[in-house]
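start.tsv follows; it contains TSV, C-alpha atoms.
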```
chain	number	residue	atom	x	y	z
A	13	MET	CA	5.21	7.44	-27.76
A	14	LYS	CA	2.94	9.39	-30.07
A	15	ARG	CA	-0.06	7.35	-28.93
A	16	ARG	CA	0.76	8.08	-25.31
A	17	ALA	CA	0.98	11.80	-26.01
A	18	ILE	CA	-2.43	11.70	-27.71
A	19	VAL	CA	-3.97	9.76	-24.81
A	20	PHE	CA	-2.43	12.19	-22.33
A	21	THR	CA	-3.81	15.24	-24.16
A	22	VAL	CA	-7.27	13.63	-24.36
A	23	CYS	CA	-7.18	12.88	-20.60
A	24	MET	CA	-6.16	16.43	-19.80
A	25	LEU	CA	-8.85	17.87	-22.08
A	26	VAL	CA	-11.55	15.74	-20.47
A	27	ALA	CA	-10.35	16.72	-16.99
A	28	LEU	CA	-10.24	20.40	-17.90
A	29	SER	CA	-13.72	20.30	-19.45
A	30	VAL	CA	-15.15	18.53	-16.39
A	31	ILE	CA	-13.59	21.13	-14.14
A	32	PHE	CA	-14.91	23.90	-16.40
A	33	ILE	CA	-18.45	22.48	-16.37
A	34	TYR	CA	-18.54	22.11	-12.61
A	35	ASN	CA	-16.77	25.38	-12.02
A	36	ASP	CA	-19.71	27.24	-10.53
A	37	THR	CA	-21.60	24.43	-8.85
A	38	SER	CA	-21.80	24.76	-5.13
A	39	HIS	CA	-20.83	21.68	-3.20
A	40	PHE	CA	-23.28	22.08	-0.38
A	41	ALA	CA	-26.04	19.54	-0.15
A	42	ASP	CA	-29.35	21.28	0.13
A	43	SER	CA	-31.99	18.75	1.03
A	44	PRO	CA	-34.43	18.78	3.92
A	45	ALA	CA	-32.70	15.80	5.55
A	46	ALA	CA	-29.30	17.50	5.44
A	47	LYS	CA	-30.80	20.67	6.91
A	48	TYR	CA	-32.47	18.67	9.66
A	49	TYR	CA	-29.28	16.82	10.52
A	50	ILE	CA	-27.19	19.98	10.64
A	51	GLU	CA	-29.66	21.79	12.85
A	52	ASN	CA	-30.59	19.02	15.25
A	53	PHE	CA	-27.67	16.58	15.51
A	54	LYS	CA	-26.30	18.11	18.70
A	55	LYS	CA	-29.65	18.11	20.46
A	56	ASP	CA	-30.42	14.53	19.43
A	57	THR	CA	-27.13	12.76	19.95
A	58	PHE	CA	-24.88	15.04	22.06
A	59	ALA	CA	-22.03	14.55	19.59
A	60	GLU	CA	-19.84	17.43	18.45
A	61	ASN	CA	-19.00	15.82	15.15
A	62	ALA	CA	-21.88	15.62	12.71
A	63	VAL	CA	-20.38	12.69	10.85
A	64	ALA	CA	-20.11	10.67	14.05
A	65	ALA	CA	-23.68	11.61	14.91
A	66	ILE	CA	-24.86	10.33	11.56
A	67	TYR	CA	-22.97	7.04	11.41
A	68	LEU	CA	-23.50	6.16	15.04
A	69	ASN	CA	-27.04	7.30	15.51
A	70	TYR	CA	-29.15	8.23	12.51
A	71	ARG	CA	-27.64	5.68	10.12
A	72	MET	CA	-26.58	2.93	12.49
A	73	PHE	CA	-27.36	0.16	10.01
A	74	ASP	CA	-24.70	1.59	7.71
A	75	SER	CA	-21.96	0.97	10.28
A	76	ILE	CA	-23.29	-2.44	11.23
A	77	PHE	CA	-23.33	-3.71	7.68
A	78	GLU	CA	-20.00	-2.09	6.89
A	79	THR	CA	-18.37	-4.08	9.67
A	80	LEU	CA	-20.27	-7.15	8.48
A	81	ILE	CA	-18.76	-6.65	5.00
A	82	LEU	CA	-15.29	-6.50	6.55
A	83	LEU	CA	-15.97	-9.70	8.50
A	84	VAL	CA	-17.17	-11.51	5.37
A	85	SER	CA	-14.18	-10.36	3.36
A	86	VAL	CA	-11.79	-11.56	6.09
A	87	THR	CA	-13.50	-14.93	6.05
A	88	ALA	CA	-13.21	-15.06	2.27
A	89	VAL	CA	-9.52	-14.17	2.35
A	90	ILE	CA	-8.86	-16.92	4.88
A	91	ASN	CA	-10.89	-19.46	2.92
A	92	PHE	CA	-9.39	-18.83	-0.50
A	93	SER	CA	-5.89	-18.69	0.83
A	94	TRP	CA	-3.11	-20.45	-1.01
A	95	ARG	CA	-1.64	-22.43	1.83
A	96	ARG	CA	-3.98	-23.90	4.37
A	97	ASP	CA	-1.79	-26.09	6.48
A	98	ASP	CA	-2.67	-24.85	9.95
A	99	GLU	CA	-5.57	-23.47	11.94
A	100	GLN	CA	-7.95	-26.02	10.52
B	29	MET	CA	13.78	-10.99	3.74
B	30	ASN	CA	16.46	-10.98	6.41
B	31	ASN	CA	18.55	-8.18	4.98
B	32	ASN	CA	16.29	-5.40	6.07
B	33	SER	CA	17.35	-1.80	6.04
B	34	GLU	CA	18.65	-0.88	9.47
B	35	ILE	CA	17.52	2.73	9.17
B	36	ILE	CA	13.92	1.85	8.40
B	37	ALA	CA	13.81	-0.75	11.17
B	38	ARG	CA	15.13	1.61	13.85
B	39	MET	CA	13.03	4.61	12.79
B	40	THR	CA	9.84	2.58	12.58
B	41	GLY	CA	10.53	1.09	15.98
B	42	LEU	CA	10.97	4.60	17.32
B	43	ILE	CA	7.83	5.94	15.69
B	44	TYR	CA	5.29	3.27	16.35
B	45	PRO	CA	4.37	4.06	19.97
B	46	LEU	CA	3.45	7.48	18.59
B	47	ILE	CA	1.31	5.88	15.88
B	48	ILE	CA	-0.51	3.78	18.50
B	49	MET	CA	-1.15	6.91	20.56
B	50	PHE	CA	-2.42	8.78	17.51
B	51	GLY	CA	-4.69	5.89	16.59
B	52	PHE	CA	-6.29	5.78	20.02
B	53	TYR	CA	-6.57	9.59	19.99
B	54	VAL	CA	-8.45	9.48	16.71
B	55	ILE	CA	-10.75	6.73	18.00
B	56	LEU	CA	-11.49	8.24	21.41
B	57	ASN	CA	-12.05	11.75	20.07
B	58	GLY	CA	-14.15	10.54	17.15
B	59	HIS	CA	-17.35	12.03	18.56
B	60	SER	CA	-15.95	15.55	18.90
B	61	SER	CA	-13.31	15.93	16.20
B	62	PRO	CA	-12.74	14.54	12.71
B	63	GLY	CA	-11.94	10.88	12.73
B	64	GLY	CA	-13.72	7.99	14.29
B	65	GLY	CA	-13.76	4.25	14.47
B	66	PHE	CA	-12.88	3.31	10.93
B	67	GLN	CA	-10.05	5.82	10.52
B	68	GLY	CA	-8.52	5.08	13.91
B	69	GLY	CA	-8.79	1.36	13.26
B	70	ALA	CA	-6.95	1.77	9.97
B	71	ILE	CA	-4.20	3.71	11.75
B	72	LEU	CA	-3.89	0.94	14.34
B	73	ALA	CA	-3.70	-1.64	11.55
B	74	SER	CA	-0.89	0.35	9.95
B	75	VAL	CA	1.01	-0.08	13.23
B	76	PHE	CA	0.99	-3.84	12.74
B	77	ILE	CA	1.98	-3.41	9.11
B	78	SER	CA	4.96	-1.26	10.07
B	79	ARG	CA	5.82	-3.93	12.63
B	80	TYR	CA	6.10	-6.28	9.68
B	81	LEU	CA	8.63	-3.90	8.16
B	82	VAL	CA	10.68	-4.02	11.37
B	83	SER	CA	10.64	-7.75	12.04
B	84	PRO	CA	9.26	-9.63	9.06
B	85	ASP	CA	9.82	-13.10	10.46
B	86	LYS	CA	7.54	-12.96	13.43
B	87	ASN	CA	4.11	-14.35	12.93
B	88	LEU	CA	1.10	-12.97	14.69
B	89	LYS	CA	-1.49	-15.05	16.41
B	90	ILE	CA	-4.10	-14.72	13.73
B	91	LYS	CA	-6.45	-17.14	15.41
B	92	SER	CA	-6.95	-15.02	18.52
B	93	LEU	CA	-7.45	-11.96	16.33
B	94	ARG	CA	-10.18	-13.81	14.45
B	95	VAL	CA	-11.95	-14.69	17.66
B	96	ALA	CA	-11.60	-11.08	18.82
B	97	GLU	CA	-13.09	-9.84	15.56
B	98	LYS	CA	-16.13	-12.08	15.87
B	99	VAL	CA	-16.74	-11.10	19.50
B	100	LEU	CA	-16.38	-7.42	18.59
B	101	PHE	CA	-18.84	-7.78	15.74
B	102	PHE	CA	-21.33	-9.38	18.11
B	103	CYS	CA	-20.87	-6.41	20.47
B	104	ILE	CA	-21.29	-3.94	17.60
B	105	VAL	CA	-24.62	-5.52	16.75
B	106	MET	CA	-25.79	-5.85	20.36
B	107	VAL	CA	-24.90	-2.43	21.81
B	108	PRO	CA	-27.02	-0.34	19.41
B	109	THR	CA	-29.81	-2.90	19.60
B	110	LEU	CA	-29.98	-2.52	23.35
B	111	PHE	CA	-29.36	1.21	23.49
B	112	LEU	CA	-30.51	2.87	20.28
B	113	PHE	CA	-33.39	0.74	19.12
B	114	SER	CA	-35.03	0.40	22.51
B	115	SER	CA	-38.33	2.16	22.81
B	116	GLU	CA	-37.48	4.96	25.21
B	117	GLN	CA	-34.17	6.76	24.97
B	118	SER	CA	-32.62	8.56	27.86
B	119	ARG	CA	-31.98	12.26	27.45
B	120	ILE	CA	-28.94	12.33	29.73
B	121	GLU	CA	-25.81	13.60	28.03
B	122	ILE	CA	-23.29	11.32	29.75
B	123	VAL	CA	-25.13	8.17	28.64
B	124	HIS	CA	-25.06	9.29	25.02
B	125	LEU	CA	-21.39	10.21	25.23
B	126	THR	CA	-20.53	6.83	26.72
B	127	TYR	CA	-22.43	5.14	23.95
B	128	LEU	CA	-20.61	7.12	21.24
B	129	ILE	CA	-17.14	6.48	22.69
B	130	LEU	CA	-17.88	2.80	23.26
B	131	MET	CA	-19.15	2.31	19.72
B	132	ASN	CA	-16.16	4.14	18.24
B	133	LEU	CA	-13.81	1.99	20.28
B	134	LEU	CA	-15.54	-1.24	19.26
B	135	ILE	CA	-15.60	-0.32	15.57
B	136	GLY	CA	-11.98	0.80	15.71
B	137	LEU	CA	-10.73	-2.41	17.30
B	138	LYS	CA	-12.76	-4.49	14.89
B	139	VAL	CA	-11.47	-2.68	11.81
B	140	ALA	CA	-7.90	-2.87	13.12
B	141	SER	CA	-8.08	-6.61	13.71
B	142	GLY	CA	-9.79	-7.19	10.37
B	143	LEU	CA	-7.23	-5.29	8.30
B	144	THR	CA	-4.39	-6.89	10.27
B	145	ILE	CA	-5.76	-10.36	9.59
B	146	ILE	CA	-6.08	-9.62	5.88
B	147	PHE	CA	-2.54	-8.25	5.67
B	148	PHE	CA	-0.80	-10.98	7.65
B	149	ARG	CA	-2.78	-13.76	6.04
B	150	PHE	CA	-1.72	-12.36	2.69
B	151	VAL	CA	1.91	-11.98	3.72
B	152	PHE	CA	2.46	-15.36	5.35
B	153	TYR	CA	0.08	-17.71	3.58
B	154	GLU	CA	0.05	-16.46	0.02
B	155	GLY	CA	2.52	-17.02	-2.78
B	156	GLY	CA	5.78	-18.86	-2.82
B	157	LYS	CA	8.26	-17.82	-0.19
C	3	MET	CA	-8.92	27.59	-7.19
C	4	THR	CA	-6.34	25.55	-5.27
C	5	GLU	CA	-8.32	22.34	-5.51
C	6	LYS	CA	-8.51	22.71	-9.30
C	7	ILE	CA	-4.71	22.63	-9.48
C	8	PHE	CA	-4.60	19.52	-7.33
C	9	LEU	CA	-7.33	17.85	-9.39
C	10	ILE	CA	-5.25	18.37	-12.53
C	11	LEU	CA	-2.20	17.08	-10.66
C	12	MET	CA	-4.20	13.95	-9.83
C	13	VAL	CA	-4.90	13.33	-13.52
C	14	VAL	CA	-1.22	13.78	-14.33
C	15	LEU	CA	-0.14	11.42	-11.54
C	16	ALA	CA	-2.65	8.76	-12.60
C	17	PHE	CA	-1.34	8.97	-16.16
C	18	ILE	CA	2.27	8.66	-14.99
C	19	ALA	CA	1.38	5.68	-12.81
C	20	LEU	CA	-0.22	3.95	-15.80
C	21	ASN	CA	2.67	4.64	-18.14
C	22	THR	CA	5.65	3.81	-15.96
C	23	GLN	CA	7.76	0.89	-17.06
C	24	LYS	CA	8.55	-0.51	-13.65
C	25	LEU	CA	5.70	-1.68	-11.46
C	26	ARG	CA	7.35	-0.60	-8.23
C	27	ARG	CA	7.61	2.99	-9.38
C	28	SER	CA	4.00	3.06	-10.43
C	29	VAL	CA	3.01	1.80	-6.96
C	30	ILE	CA	4.83	4.76	-5.47
C	31	TYR	CA	3.07	7.09	-7.90
C	32	LEU	CA	-0.24	5.60	-6.78
C	33	GLY	CA	0.69	6.40	-3.18
C	34	ILE	CA	1.37	10.01	-4.11
C	35	PHE	CA	-1.94	10.04	-6.01
C	36	SER	CA	-3.78	8.92	-2.88
C	37	LEU	CA	-2.04	11.56	-0.80
C	38	VAL	CA	-3.02	14.32	-3.24
C	39	SER	CA	-6.59	13.06	-3.39
C	40	SER	CA	-6.80	13.06	0.39
C	41	PHE	CA	-5.60	16.65	0.34
C	42	VAL	CA	-8.35	17.47	-2.15
C	43	TYR	CA	-10.91	15.88	0.21
C	44	LEU	CA	-9.54	18.16	2.94
C	45	LEU	CA	-9.97	21.20	0.70
C	46	TYR	CA	-13.56	20.21	0.00
C	47	GLY	CA	-14.21	20.14	3.72
C	48	ALA	CA	-14.32	16.41	4.47
C	49	PRO	CA	-11.57	15.74	7.01
C	50	ASP	CA	-12.98	12.34	8.00
C	51	VAL	CA	-12.75	11.01	4.46
C	52	ALA	CA	-9.33	12.60	4.10
C	53	ILE	CA	-7.96	10.72	7.11
C	54	ALA	CA	-9.37	7.43	5.85
C	55	GLU	CA	-7.99	7.99	2.35
C	56	ALA	CA	-4.56	8.97	3.62
C	57	VAL	CA	-4.25	5.92	5.85
C	58	ILE	CA	-5.77	3.32	3.52
C	59	GLY	CA	-4.55	4.73	0.23
C	60	SER	CA	-1.01	5.70	0.94
C	61	ALA	CA	-0.03	3.49	3.85
C	62	ILE	CA	-1.83	0.16	3.79
C	63	SER	CA	-2.44	-0.37	0.09
C	64	THR	CA	1.04	0.82	-0.89
C	65	VAL	CA	2.70	-1.61	1.50
C	66	LEU	CA	0.34	-4.36	0.35
C	67	TYR	CA	1.19	-3.78	-3.32
C	68	LEU	CA	4.91	-3.70	-2.54
C	69	VAL	CA	4.71	-6.99	-0.65
C	70	ALA	CA	2.72	-8.48	-3.51
C	71	LEU	CA	5.40	-7.40	-5.99
C	72	LYS	CA	8.06	-8.91	-3.78
C	73	LYS	CA	6.16	-12.17	-3.70
C	74	TYR	CA	5.50	-12.10	-7.42
C	75	ARG	CA	9.00	-12.27	-8.81
C	76	VAL	CA	11.95	-10.01	-8.32
C	77	PHE	CA	15.01	-10.74	-10.40
C	78	THR	CA	18.14	-9.72	-8.53
C	79	ILE	CA	20.98	-8.60	-10.78
C	80	TYR	CA	24.41	-7.79	-9.41
C	81	TYR	CA	26.64	-5.58	-11.50
C	82	THR	CA	30.37	-5.45	-10.93
C	83	ASN	CA	32.99	-3.67	-12.94
C	84	ALA	CA	36.65	-4.64	-12.95
C	85	ASN	CA	37.86	-1.08	-13.26
C	86	TYR	CA	35.39	0.76	-11.07
C	87	ASN	CA	38.03	3.20	-9.88
C	88	GLN	CA	37.86	5.04	-13.17
C	89	ILE	CA	34.10	5.44	-13.01
C	90	ARG	CA	32.70	8.56	-11.50
C	91	ASP	CA	29.25	8.67	-9.92
C	92	GLY	CA	27.81	10.50	-12.86
C	93	TYR	CA	28.54	7.54	-15.06
C	94	ILE	CA	26.13	5.33	-13.19
C	95	ILE	CA	23.41	7.92	-13.06
C	96	ARG	CA	23.64	9.30	-16.56
C	97	GLY	CA	24.75	6.76	-19.08
C	98	ARG	CA	24.45	3.35	-17.56
C	99	ALA	CA	26.32	0.51	-19.07
C	100	GLN	CA	24.88	-0.60	-22.36
C	101	ILE	CA	24.64	-4.23	-21.39
C	102	LEU	CA	22.70	-3.39	-18.24
C	103	ARG	CA	20.17	-1.41	-20.20
C	104	GLU	CA	19.62	-4.26	-22.60
C	105	VAL	CA	19.20	-6.83	-19.83
C	106	GLU	CA	16.83	-4.56	-17.95
C	107	SER	CA	14.64	-3.88	-20.98
C	108	PHE	CA	14.52	-7.63	-21.63
C	109	PHE	CA	13.13	-8.31	-18.18
C	110	VAL	CA	10.74	-5.39	-18.32
C	111	ARG	CA	9.35	-6.78	-21.55
C	112	LYS	CA	8.79	-10.09	-19.79
C	113	GLU	CA	6.87	-8.19	-17.05
C	114	MET	CA	9.31	-9.04	-14.31
C	115	GLU	CA	10.92	-6.70	-11.84
C	116	PRO	CA	14.65	-6.33	-12.34
C	117	GLN	CA	16.35	-5.20	-9.17
C	118	ILE	CA	19.84	-3.99	-9.95
C	119	ILE	CA	22.55	-3.75	-7.31
C	120	TYR	CA	25.75	-1.96	-8.15
C	121	THR	CA	28.65	-3.13	-6.10
C	122	THR	CA	32.32	-2.27	-5.97
C	123	GLU	CA	33.31	-5.60	-4.53
C	124	ASP	CA	35.21	-8.16	-6.47
C	125	TYR	CA	32.97	-10.41	-8.53
C	126	LYS	CA	34.48	-13.54	-7.02
C	127	LYS	CA	33.39	-12.43	-3.59
C	128	VAL	CA	29.87	-11.71	-4.85
C	129	LEU	CA	29.84	-15.10	-6.55
C	130	ALA	CA	30.76	-16.82	-3.34
C	131	GLU	CA	28.68	-14.92	-0.83
C	132	GLU	CA	25.68	-13.14	-2.24
C	133	ASN	CA	22.33	-14.54	-3.24
C	134	PHE	CA	21.64	-13.43	-6.80
C	135	ASP	CA	19.88	-14.51	-9.95
C	136	LEU	CA	22.29	-12.98	-12.39
C	137	LEU	CA	25.76	-11.49	-12.01
C	138	ILE	CA	27.13	-9.23	-14.68
C	139	HIS	CA	30.85	-8.67	-14.64
C	140	GLN	CA	32.29	-6.12	-17.01
C	141	ASP	CA	35.92	-5.53	-17.91
C	142	TYR	CA	35.99	-2.78	-20.56
C	143	ASP	CA	34.23	-4.48	-23.46
C	144	GLN	CA	34.37	-8.00	-22.11
C	145	VAL	CA	31.10	-8.91	-20.40
C	146	ARG	CA	30.53	-12.11	-18.48
C	147	LEU	CA	27.13	-13.15	-17.19
C	148	TYR	CA	26.95	-15.68	-14.40
C	149	GLY	CA	23.73	-17.49	-13.70
C	150	ASN	CA	22.08	-20.66	-12.57
C	151	ALA	CA	21.90	-23.41	-15.16
C	152	GLU	CA	18.35	-24.37	-14.21
C	153	ASP	CA	16.92	-20.89	-14.57
C	154	TYR	CA	14.90	-20.95	-17.76
C	155	GLN	CA	14.68	-17.15	-17.83
C	156	LEU	CA	18.43	-17.04	-18.38
C	157	ASP	CA	18.12	-19.36	-21.36
C	158	ALA	CA	15.63	-16.95	-22.84
C	159	LEU	CA	17.99	-14.07	-22.11
C	160	GLU	CA	20.86	-15.90	-23.81
C	161	ALA	CA	18.74	-16.61	-26.88
C	162	HIS	CA	17.72	-12.97	-26.96
C	163	MET	CA	21.37	-11.89	-26.76
C	164	CYS	CA	22.37	-14.25	-29.53
C	165	GLU	CA	19.64	-12.94	-31.78
C	166	ASN	CA	20.51	-9.30	-31.28
C	167	PRO	CA	24.25	-9.22	-30.79
C	168	ASN	CA	25.98	-6.06	-29.70
C	169	GLU	CA	28.92	-5.00	-31.89
C	170	LEU	CA	30.81	-3.24	-29.14
C	171	LEU	CA	30.55	-5.77	-26.37
C	172	LYS	CA	31.68	-9.36	-26.25
C	173	THR	CA	29.21	-11.29	-24.12
C	174	GLU	CA	29.84	-14.67	-22.60
C	175	PHE	CA	27.52	-16.83	-20.56
C	176	ILE	CA	28.82	-18.89	-17.67
C	177	LYS	CA	26.38	-21.23	-16.00
C	178	PHE	CA	26.82	-23.39	-12.98
C	179	GLU	CA	24.76	-26.12	-11.44
C	180	ALA	CA	22.34	-25.37	-8.66
C	181	GLY	CA	24.31	-27.20	-6.02
C	182	ASP	CA	27.54	-25.31	-6.57
C	183	LYS	CA	26.59	-22.16	-4.81
C	184	ASN	CA	24.50	-21.34	-1.77
```
Go ahead and render the structure in this file as structure tokens.
Amino acid sequence: MKRRAIVFTVCMLVALSVIFIYNDTSHFADSPAAKYYIENFKKDTFAENAVAAIYLNYRMFDSIFETLILLVSVTAVINFSWRRDDEQ
Amino acid sequence: MNNNSEIIARMTGLIYPLIIMFGFYVILNGHSSPGGGFQGGAILASVFISRYLVSPDKNLKIKSLRVAEKVLFFCIVMVPTLFLFSSEQSRIEIVHLTYLILMNLLIGLKVASGLTIIFFRFVFYEGGK
Amino acid sequence: MTEKIFLILMVVLAFIALNTQKLRRSVIYLGIFSLVSSFVYLLYGAPDVAIAEAVIGSAISTVLYLVALKKYRVFTIYYTNANYNQIRDGYIIRGRAQILREVESFFVRKEMEPQIIYTTEDYKKVLAEENFDLLIHQDYDQVRLYGNAEDYQLDALEAHMCENPNELLKTEFIKFEAGDKN
């Protein structure tokens, strides 16, 4: 019980210090690429949503390989399954 | 597994047309509002999972879902290859919008079938009972 | 300022989920944790990620964990009391029967999931009809535990009870063969 209380206080202290350190950081990305995307995504891709514009147009390979990862993991789940009495 | 809660079964049966509608809304409006293929696909997969809560005995046809997933992955690779990576892009708005909606729909269906396969494979083919 | 409060709430929820005795409760705490984190994503201005986190974290993975726990091993314990008429509801909620607490802590120590069902039906009816792993029947200080003879977990429970006997309660084990019931 005592150990748990100590661990809990340490966790809270770490969380509070992290929040204190990052208290005044702004969470806006400020790189040339981000600025370019925000200014030009509508003209380039005709999408209203910047995220959709990025993952369907600028960074298409990201989506392709994400779906490939899902396909591979499905195959792995089916292969390492416990019971394999049908569908073979 | 047969003694399911009646309340949960009825309420989920009542709700899940609404979940299907919300899933397709998120997918089809992915280009203009928050959401998109992956999120909508996950919502559609949660429809199948809640169907498991309603009637846990019924098995899905996993094999056809697997075939559908492979075909959809092929489409996901081919559509951008033909449209996006071709040398000259059209500047017409309607073509771009069609492309965005089509890609969102393909990704959404693929993610939905993938998560459903993982869940049902785990439920029916893993462990003892 | 609001997101700071929710970030601290996330730390608290994660700690509770780690330190809960029963696995099922900690799965529920993880679901709440995902919901709060998706709300934090929303506050930081990322609605796309928030939708994905809410769906995956609190719907799909919670149901998946619960199904996994069900597959793993759930020990069903029925509890009947001969004189349930004299028991008010507060009795069950506040001070549960001593024997039940001991049995539950035994199974928790063995990392299994005890699922306790309180019933007001007669224990003979439960014996005949229900599907259980262990039936506890209490009549004031006389406690009888019914179980399957082939269940090795019950042997361990009996040994545990013999080693640490309770002064107030008289416990008695009754075992039947597998073919007798169900």
Distance query range 98-112 of chain B at most 7 Å, only C-alpha atoms, self and fewer than 4 positions along chain excluded, as a PyMOL selection string: (chain A and resi 76) or (chain B and resi 94+131+134+138)
Separation of CA of Phe66 in chain B from CA of Asp56 in chain A in Å: 22.5 Å
Length of the CA of Arg146 in chain C to CA of Gln117 in chain C vector [Å]: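 Answer for the CA of Arg146 in chain C to CA of Gln117 in chain C separation: 18.3 Å.
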Report as an mmCIF file with C-alpha atoms, keeping the file's coordinate frame all protein, DNA and RNA residues lying within 12 Å of Met3 in chain C, evaluated on all atoms listed in the file, omitting residues in the same chain fewer than 5 positions from it.
```
data_model
loop_
_atom_site.group_PDB
_atom_site.id
_atom_site.type_symbol
_atom_site.label_atom_id
_atom_site.label_comp_id
_atom_site.auth_asym_id
_atom_site.auth_seq_id
_atom_site.Cartn_x
_atom_site.Cartn_y
_atom_site.Cartn_z
ATOM 1 C CA ILE A 31 -13.590 21.130 -14.140
ATOM 2 C CA PHE A 32 -14.910 23.900 -16.400
ATOM 3 C CA ASN A 35 -16.770 25.380 -12.020
ATOM 4 C CA ASP A 36 -19.710 27.240 -10.530
ATOM 5 C CA PHE C 8 -4.600 19.520 -7.330
ATOM 6 C CA LEU C 9 -7.330 17.850 -9.390
ATOM 7 C CA ILE C 10 -5.250 18.370 -12.530
ATOM 8 C CA VAL C 42 -8.350 17.470 -2.150
ATOM 9 C CA LEU C 45 -9.970 21.200 0.700
ATOM 10 C CA TYR C 46 -13.560 20.210 0.000
#
```
Using all atoms listed in the file, what does the table of chain A residues within 8 Å of chain B look like, with each row giving the shortest atom pair and its distance in Å to one decimal, sorted by chain and ascending number, as a Markdown table?
```
| residue | atom | partner | partner_atom | distance |
| --- | --- | --- | --- | --- |
| A:Thr57 | CA | B:His124 | CA | 6.5 |
| A:Phe58 | CA | B:Glu121 | CA | 6.2 |
| A:Ala59 | CA | B:His59 | CA | 5.4 |
| A:Glu60 | CA | B:Ser60 | CA | 4.3 |
| A:Asn61 | CA | B:Ser60 | CA | 4.8 |
| A:Ala64 | CA | B:His59 | CA | 5.5 |
| A:Ala65 | CA | B:His59 | CA | 7.3 |
| A:Leu68 | CA | B:Leu128 | CA | 6.9 |
| A:Asn69 | CA | B:Leu112 | CA | 7.4 |
| A:Met72 | CA | B:Pro108 | CA | 7.7 |
| A:Ile76 | CA | B:Val105 | CA | 6.5 |
| A:Thr79 | CA | B:Phe101 | CA | 7.1 |
| A:Leu80 | CA | B:Phe101 | CA | 7.4 |
| A:Leu82 | CA | B:Gly142 | CA | 6.7 |
| A:Leu83 | CA | B:Gly142 | CA | 6.9 |
| A:Val86 | CA | B:Ile146 | CA | 6.0 |
| A:Val89 | CA | B:Ile146 | CA | 6.7 |
| A:Ile90 | CA | B:Arg149 | CA | 6.9 |
| A:Ser93 | CA | B:Glu154 | CA | 6.4 |
| A:Trp94 | CA | B:Glu154 | CA | 5.2 |
| A:Arg95 | CA | B:Tyr153 | CA | 5.3 |
| A:Arg96 | CA | B:Tyr153 | CA | 7.4 |
| A:Glu99 | CA | B:Lys91 | CA | 7.3 |
```
Straight-line distance linking CA of Tyr80 in chain C with CA of Ile119 in chain C, stated in Å to one decimal: 4.9 Å
Pick from A:Tyr67, A:Tyr48, A:Phe73, A:Phe53, whichever lies nearest to chain C using all atoms listed in the file: A:Tyr67
Any chance you could tabulate, as JSON lines, the residues of chain A at most 9 Å from chain C with each one's nearest atom pair and distance in Å to one decimal, using only C-alpha atoms, in chain and rising number order?
```
{"residue": "A:Arg16", "atom": "CA", "partner": "C:Asn21", "partner_atom": "CA", "distance": 8.2}
{"residue": "A:Phe20", "atom": "CA", "partner": "C:Phe17", "partner_atom": "CA", "distance": 7.0}
{"residue": "A:Cys23", "atom": "CA", "partner": "C:Val13", "partner_atom": "CA", "distance": 7.5}
{"residue": "A:Met24", "atom": "CA", "partner": "C:Val13", "partner_atom": "CA", "distance": 7.1}
{"residue": "A:Ala27", "atom": "CA", "partner": "C:Ile10", "partner_atom": "CA", "distance": 7.0}
{"residue": "A:Leu28", "atom": "CA", "partner": "C:Ile10", "partner_atom": "CA", "distance": 7.6}
{"residue": "A:Ile31", "atom": "CA", "partner": "C:Lys6", "partner_atom": "CA", "distance": 7.2}
{"residue": "A:His39", "atom": "CA", "partner": "C:Tyr46", "partner_atom": "CA", "distance": 8.1}
{"residue": "A:Val63", "atom": "CA", "partner": "C:Asp50", "partner_atom": "CA", "distance": 7.9}
```
Test item: residues at most 10 Å from range 77-80 of chain B, only C-alpha atoms, excluding those fewer than 4 positions along its chain, as a list in words: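 What passes the distance filter is Ile36, Ala37, Thr40, Gly41, Ile43, Tyr44, Ile47, Ile71, Leu72, Ala73, Pro84, Asp85, Lys86, Asn87, Leu88, Leu143, Thr144, Phe147, Phe148 and Val151 of chain B; Ala61, Ile62, Val65 and Leu66 of chain C.
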Chain C residues near chain B (12 Å cut-off, all atoms listed in the file) as an MDAnalysis selection string: chainID C and resid 44 47:76 132:133
Who sits within 8 Å of Phe175 in chain C, all atoms listed in the file, same chain under 4 positions skipped, as a list in words: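 Contacts, in chain order: Arg146, Leu147, Tyr148, Gly149 and Glu160 of chain C.
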Residues near Thr121 in chain C, cut-off 10 Å, only C-alpha atoms, skip fewer than 4 positions along chain, as a ChimeraX atom specification: /C:80-83,86,125,128
